Amino acid sequence: MEEVRVRFPPSPTGYLHIGGARTALFNWLFAKQHNGKLILRIEDTDEERSTQASIDGIIDGLQWLGIDWDEGPYFQTEFAADHIAAANRLLAAGHAYKCFCTKEELEKKRETALAEKKREVGYDGTCRHLSAEQISEKEAQGLDAVIRFKVPERPGTMFYDDEVLGRIERAYSEIEDFVIVRSNGKPLYLLCNVVDDIRDRITHIIRGQDHMTNTTRQVLLYEALGAKLPVFAHMPLTLDLQKRKISKRSHGEIVAVQFYRDRGFIPWALCNFLCLLGWNPGTDQEFFSRDELIEAFSLSRMSRVNSVFNFKPGDPKFFTDPKLIAVNEHYLRTMDLEQLGALVRRELEAEHLWEPAYETSRRDWFLATLGMIRDRFHTLKDFTAAGRAYFSDSYDIDPKPLAKNVLKFPELRDWLPLLAERFAALTDFSALESERVCRELADELAVKPGTLINGMRTVLTGQLAGPSMFDVVVALGQERVVARLRHIDRLFAAA
RNA sequence: GUCCCCAUCGUCUAGCCAGGUCCAGGACACCGGCCUUUCACGCCGGCAACACCGGUUCAAAUCCGGUUGGGGACGCCA
């Protein structure tokens, strides 16, 4: 059986965005499932807009997501000779012709058509029937020419069978003669893309529905070049809440893959979320391991309906799609602790809070602590923010619980140091013992244990809420707990 | 405007191709409850949709037609 070969061909004119990442993901899944190959091809023929920063961003983004490729990255500009050769072949075979109409002339025609008939028009075919004589005459005048593809003059419609949409038909008469080579001799996307796909022996082209009109034209190109047609699969698009196509340009960082890395998302959580946008397994399963997803994936279960990426700029709760946050939370609290540990390590390192002992003598403590605090977290960033007090003595006290749990009870200024001494005296610093001592003291002072406990939590962790207090106390360790409870004057002094 | 694609809860979607088991199922979000010295997690429950009109049929979310609505494309961009 023929080897499955798919490709991801981004144009390096901006960072990798989630729509592109989803396209890459689907191609990757398809390749993996069929033991095929994924080819990464950078389509950099737009010299004015292509940048090295974009190339790096795209590659970084794919690597972070865990989407690996088998060949490439190839750069389209390196194959310029192939593209030109193909154009010349089409010209020689009568499948294309030189067109001397200038941009200005065409622009003018478009404007007039729009004004008079209130409609857009395609190319009118002015140069399509130029005689050899006329052509050499114009060339002798030194006129610039583009090369246009000569759409076959046939009645009826052309068609291709789309793996997700079914048969797509379009009347030949609706397809205008499109440009394949610029007047400066540089071939255009429509041609380059096909030539590269033929050379790379691409068997399946999985891309967005926004390419559908390109596909109809490219199918004609395959035919003219005498190449076998690959299978096409057009995926639904991802839109914003206003139903506009999402783009880096109009939506900013929120659609950039980079944003999710910087905000502490787990790469696979993003993949898992993205694959559910426009595809579903036909069961209620929503969380997939890498291997499960590779096995479950299929083009036939791809949706034909565009999906909305649900976020509301300015709303902290909806800073990105809440479902994406939920998926991330799911992985955060269910994933293997060692794997989580590796991700958290990077966060700690970035904040200079990482200690090598977390990998050796304190490894068990480290993983157990992560297991204890992760239930309340949303992203990896929380480990160094809300969870900072577990890894550092330098942490902020949230003003809200400070007022509510500490400052509201001035007596705590004496009580907590008192508790510190009781803790210091313990030889068995366990959850059970520390709780006993704490309740004992509350009893003696005739206050509710909650007053002591909540004050303690705020002082020890800086947070309003957290895991069971006496588990926290054990995780923090006797020394830290005692020290933090002893020195609370500064909290009251500041207030 | 022309061509192409699409139409189920606020969002992601199942069901549609092979009509009845669907007064439409799951998830997120939201609301309520349980649990809890806190807050989460977890568990239980609730709110909430077949765009509209017509046709076919004993029977339509499902098939057909139309309307409306949405999206995409219409570059010497990719």
# chains A, B, ... in the order shown; residues from 1 in each chain; ligands from 1

call {"tool": "residues_around", "arguments": {"residues": "region 219-231 of chain A", "least_positions_apart": "5", "cutoff": "7 Å", "atoms": "only C-alpha atoms (C1' of nucleotides)", "output": "PyMOL selection string"}}
result
chain A and resi 95+202-205

call {"tool": "interface_residues", "arguments": {"of": "chain B", "to": "chain A", "cutoff": "6 Å", "atoms": "only C-alpha atoms (C1' of nucleotides)", "output": "PyMOL selection string"}}
result
chain B and resi 1+6+11+26+28+37-41+72-73+76+78

call {"tool": "select_by_dssp", "arguments": {"residues": "region 36-103 of chain A", "states": "alpha helix (DSSP H)", "output": "PyMOL selection string"}}
result
chain A and resi 52-65+80-92+103

call {"tool": "residues_around", "arguments": {"residues": "region 45-62 of chain B", "least_positions_apart": "3", "cutoff": "10 Å", "atoms": "only C-alpha atoms (C1' of nucleotides)", "output": "ChimeraX atom specification"}}
result
/B:7-10,15-17,19-20,22,24,30-33,65-69

call {"tool": "atom_distance", "arguments": {"atom1": "C1' of C4 (chain B)", "atom2": "CA of Gly125 (chain A)"}}
result
22.5 Å

call {"tool": "closest_residue", "arguments": {"among": "A:Ala85, A:Ile198, A:Leu485, A:Ala424", "to": "Arg7 (chain A)", "atoms": "only C-alpha atoms"}}
result
A:Ile198

call {"tool": "residues_around", "arguments": {"residues": "Thr369 (chain A)", "least_positions_apart": "3", "cutoff": "12 Å", "atoms": "only C-alpha atoms (C1' of nucleotides)", "output": "PyMOL selection string"}}
result
chain A and resi 337-338+340-341+344+358+362-366+372-375+383+387-391+467+471-477

call {"tool": "residues_around", "arguments": {"residues": "Met335 (chain A)", "least_positions_apart": "5", "cutoff": "12 Å", "atoms": "only C-alpha atoms (C1' of nucleotides)", "output": "list in words"}}
result
Ile266, Trp268, Ala269, Phe287, Phe288, Ser289, Val327, Asn328, Glu329, His330, Leu340, Gly341, Ala342, Leu343, Leu367, Leu370, Gly371, Arg374 and Asp375 of chain A

call {"tool": "select_by_dssp", "arguments": {"residues": "region 151-249 of chain A", "states": "strand (DSSP E)", "output": "VMD selection string"}}
result
chain A and resid 157 to 162 166 to 171 179 to 181 204 to 208 231 to 235 238 to 239

call {"tool": "atom_distance", "arguments": {"atom1": "CA of Arg484 (chain A)", "atom2": "CA of Pro417 (chain A)"}}
result
8.9 Å

call {"tool": "residues_around", "arguments": {"residues": "Lys150 (chain A)", "least_positions_apart": "2", "cutoff": "9 Å", "atoms": "only C-alpha atoms (C1' of nucleotides)", "output": "PDB file with all heavy atoms, in the first residue's frame"}}
result
ATOM      1  N   GLY A  94       0.709  24.609 -23.768  1.00  0.00           N
ATOM      2  CA  GLY A  94      -0.511  25.354 -24.057  1.00  0.00           C
ATOM      3  C   GLY A  94      -1.485  25.391 -22.906  1.00  0.00           C
ATOM      4  O   GLY A  94      -2.644  25.772 -23.060  1.00  0.00           O
ATOM      5  N   HIS A  95      -1.037  25.032 -21.718  1.00  0.00           N
ATOM      6  CA  HIS A  95      -1.909  25.094 -20.543  1.00  0.00           C
ATOM      7  C   HIS A  95      -1.816  26.444 -19.849  1.00  0.00           C
ATOM      8  O   HIS A  95      -2.513  26.698 -18.861  1.00  0.00           O
ATOM      9  CB  HIS A  95      -1.518  24.005 -19.531  1.00  0.00           C
ATOM     10  CG  HIS A  95      -1.870  22.636 -19.976  1.00  0.00           C
ATOM     11  ND1 HIS A  95      -3.153  22.274 -20.347  1.00  0.00           N
ATOM     12  CD2 HIS A  95      -1.121  21.510 -20.135  1.00  0.00           C
ATOM     13  CE1 HIS A  95      -3.164  21.005 -20.694  1.00  0.00           C
ATOM     14  NE2 HIS A  95      -1.938  20.522 -20.590  1.00  0.00           N
ATOM     15  N   ALA A  96      -0.905  27.275 -20.364  1.00  0.00           N
ATOM     16  CA  ALA A  96      -0.742  28.596 -19.755  1.00  0.00           C
ATOM     17  C   ALA A  96      -0.319  29.568 -20.830  1.00  0.00           C
ATOM     18  O   ALA A  96       0.086  29.159 -21.920  1.00  0.00           O
ATOM     19  CB  ALA A  96       0.307  28.524 -18.648  1.00  0.00           C
ATOM     20  N   TYR A  97      -0.459  30.843 -20.549  1.00  0.00           N
ATOM     21  CA  TYR A  97      -0.086  31.849 -21.554  1.00  0.00           C
ATOM     22  C   TYR A  97       0.424  33.113 -20.869  1.00  0.00           C
ATOM     23  O   TYR A  97       0.170  33.335 -19.686  1.00  0.00           O
ATOM     24  CB  TYR A  97      -1.281  32.176 -22.453  1.00  0.00           C
ATOM     25  CG  TYR A  97      -2.491  32.716 -21.716  1.00  0.00           C
ATOM     26  CD1 TYR A  97      -2.658  34.099 -21.524  1.00  0.00           C
ATOM     27  CD2 TYR A  97      -3.468  31.855 -21.220  1.00  0.00           C
ATOM     28  CE1 TYR A  97      -3.771  34.600 -20.864  1.00  0.00           C
ATOM     29  CE2 TYR A  97      -4.578  32.341 -20.553  1.00  0.00           C
ATOM     30  CZ  TYR A  97      -4.728  33.716 -20.375  1.00  0.00           C
ATOM     31  OH  TYR A  97      -5.822  34.209 -19.715  1.00  0.00           O
ATOM     32  N   ARG A 128      -5.653  35.994 -23.529  1.00  0.00           N
ATOM     33  CA  ARG A 128      -5.748  34.540 -23.695  1.00  0.00           C
ATOM     34  C   ARG A 128      -5.568  34.107 -25.145  1.00  0.00           C
ATOM     35  O   ARG A 128      -5.025  33.056 -25.425  1.00  0.00           O
ATOM     36  CB  ARG A 128      -7.100  34.063 -23.167  1.00  0.00           C
ATOM     37  CG  ARG A 128      -7.252  32.556 -23.186  1.00  0.00           C
ATOM     38  CD  ARG A 128      -8.560  32.136 -22.528  1.00  0.00           C
ATOM     39  NE  ARG A 128      -8.814  30.736 -22.814  1.00  0.00           N
ATOM     40  CZ  ARG A 128      -9.113  29.812 -21.899  1.00  0.00           C
ATOM     41  NH1 ARG A 128      -9.220  30.163 -20.633  1.00  0.00           N
ATOM     42  NH2 ARG A 128      -9.333  28.577 -22.254  1.00  0.00           N
ATOM     43  N   ARG A 148      -0.383  33.179 -16.950  1.00  0.00           N
ATOM     44  CA  ARG A 148      -1.695  32.764 -16.447  1.00  0.00           C
ATOM     45  C   ARG A 148      -1.986  31.330 -16.841  1.00  0.00           C
ATOM     46  O   ARG A 148      -1.623  30.888 -17.929  1.00  0.00           O
ATOM     47  CB  ARG A 148      -2.794  33.653 -17.048  1.00  0.00           C
ATOM     48  CG  ARG A 148      -2.944  34.987 -16.373  1.00  0.00           C
ATOM     49  CD  ARG A 148      -4.108  35.773 -16.956  1.00  0.00           C
ATOM     50  NE  ARG A 148      -4.079  37.126 -16.456  1.00  0.00           N
ATOM     51  CZ  ARG A 148      -4.609  37.493 -15.281  1.00  0.00           C
ATOM     52  NH1 ARG A 148      -5.231  36.608 -14.532  1.00  0.00           N
ATOM     53  NH2 ARG A 148      -4.522  38.743 -14.874  1.00  0.00           N
ATOM     54  N   PRO A 152      -9.373  25.213 -18.807  1.00  0.00           N
ATOM     55  CA  PRO A 152      -9.943  24.509 -19.967  1.00  0.00           C
ATOM     56  C   PRO A 152     -11.326  25.068 -20.326  1.00  0.00           C
ATOM     57  O   PRO A 152     -12.129  25.334 -19.438  1.00  0.00           O
ATOM     58  CB  PRO A 152     -10.048  23.060 -19.492  1.00  0.00           C
ATOM     59  CG  PRO A 152      -9.079  22.944 -18.376  1.00  0.00           C
ATOM     60  CD  PRO A 152      -9.017  24.282 -17.729  1.00  0.00           C
ATOM     61  N   GLU A 153     -11.546  25.199 -21.620  1.00  0.00           N
ATOM     62  CA  GLU A 153     -12.867  25.640 -22.071  1.00  0.00           C
ATOM     63  C   GLU A 153     -13.739  24.413 -22.230  1.00  0.00           C
ATOM     64  O   GLU A 153     -13.772  23.811 -23.300  1.00  0.00           O
ATOM     65  CB  GLU A 153     -12.734  26.366 -23.420  1.00  0.00           C
ATOM     66  CG  GLU A 153     -12.650  27.869 -23.263  1.00  0.00           C
ATOM     67  CD  GLU A 153     -12.607  28.562 -24.603  1.00  0.00           C
ATOM     68  OE1 GLU A 153     -11.526  28.527 -25.237  1.00  0.00           O
ATOM     69  OE2 GLU A 153     -13.639  29.123 -25.008  1.00  0.00           O
ATOM     70  N   GLU A 176     -11.666  31.646 -13.234  1.00  0.00           N
ATOM     71  CA  GLU A 176     -10.965  32.553 -14.130  1.00  0.00           C
ATOM     72  C   GLU A 176      -9.535  32.079 -14.350  1.00  0.00           C
ATOM     73  O   GLU A 176      -9.011  31.258 -13.596  1.00  0.00           O
ATOM     74  CB  GLU A 176     -10.951  33.960 -13.545  1.00  0.00           C
ATOM     75  CG  GLU A 176     -10.179  34.034 -12.241  1.00  0.00           C
ATOM     76  CD  GLU A 176     -10.085  35.454 -11.708  1.00  0.00           C
ATOM     77  OE1 GLU A 176      -9.416  36.260 -12.357  1.00  0.00           O
ATOM     78  OE2 GLU A 176     -10.695  35.734 -10.662  1.00  0.00           O
ATOM     79  N   ASP A 177      -8.919  32.621 -15.383  1.00  0.00           N
ATOM     80  CA  ASP A 177      -7.518  32.295 -15.657  1.00  0.00           C
ATOM     81  C   ASP A 177      -6.659  32.968 -14.596  1.00  0.00           C
ATOM     82  O   ASP A 177      -6.532  34.186 -14.566  1.00  0.00           O
ATOM     83  CB  ASP A 177      -7.132  32.802 -17.057  1.00  0.00           C
ATOM     84  CG  ASP A 177      -7.805  31.992 -18.155  1.00  0.00           C
ATOM     85  OD1 ASP A 177      -8.388  30.940 -17.833  1.00  0.00           O
ATOM     86  OD2 ASP A 177      -7.750  32.430 -19.324  1.00  0.00           O
ATOM     87  N   PHE A 178      -6.079  32.170 -13.737  1.00  0.00           N
ATOM     88  CA  PHE A 178      -5.338  32.739 -12.617  1.00  0.00           C
ATOM     89  C   PHE A 178      -3.838  32.827 -12.909  1.00  0.00           C
ATOM     90  O   PHE A 178      -3.301  32.074 -13.726  1.00  0.00           O
ATOM     91  CB  PHE A 178      -5.601  31.924 -11.343  1.00  0.00           C
ATOM     92  CG  PHE A 178      -5.371  30.441 -11.499  1.00  0.00           C
ATOM     93  CD1 PHE A 178      -4.140  29.880 -11.195  1.00  0.00           C
ATOM     94  CD2 PHE A 178      -6.402  29.618 -11.945  1.00  0.00           C
ATOM     95  CE1 PHE A 178      -3.931  28.519 -11.336  1.00  0.00           C
ATOM     96  CE2 PHE A 178      -6.198  28.245 -12.097  1.00  0.00           C
ATOM     97  CZ  PHE A 178      -4.959  27.693 -11.791  1.00  0.00           C
TER      98      PHE A 178
END

call {"tool": "closest_residue", "arguments": {"among": "B:C63, B:C44, B:C77, B:C12", "to": "A27 (chain B)", "atoms": "only C-alpha atoms (C1' of nucleotides)"}}
result
B:C12

call {"tool": "closest_residue", "arguments": {"among": "A:Val151, A:Ile254, A:Leu299, A:Leu348", "to": "Gly314 (chain A)", "atoms": "only C-alpha atoms"}}
result
A:Ile254
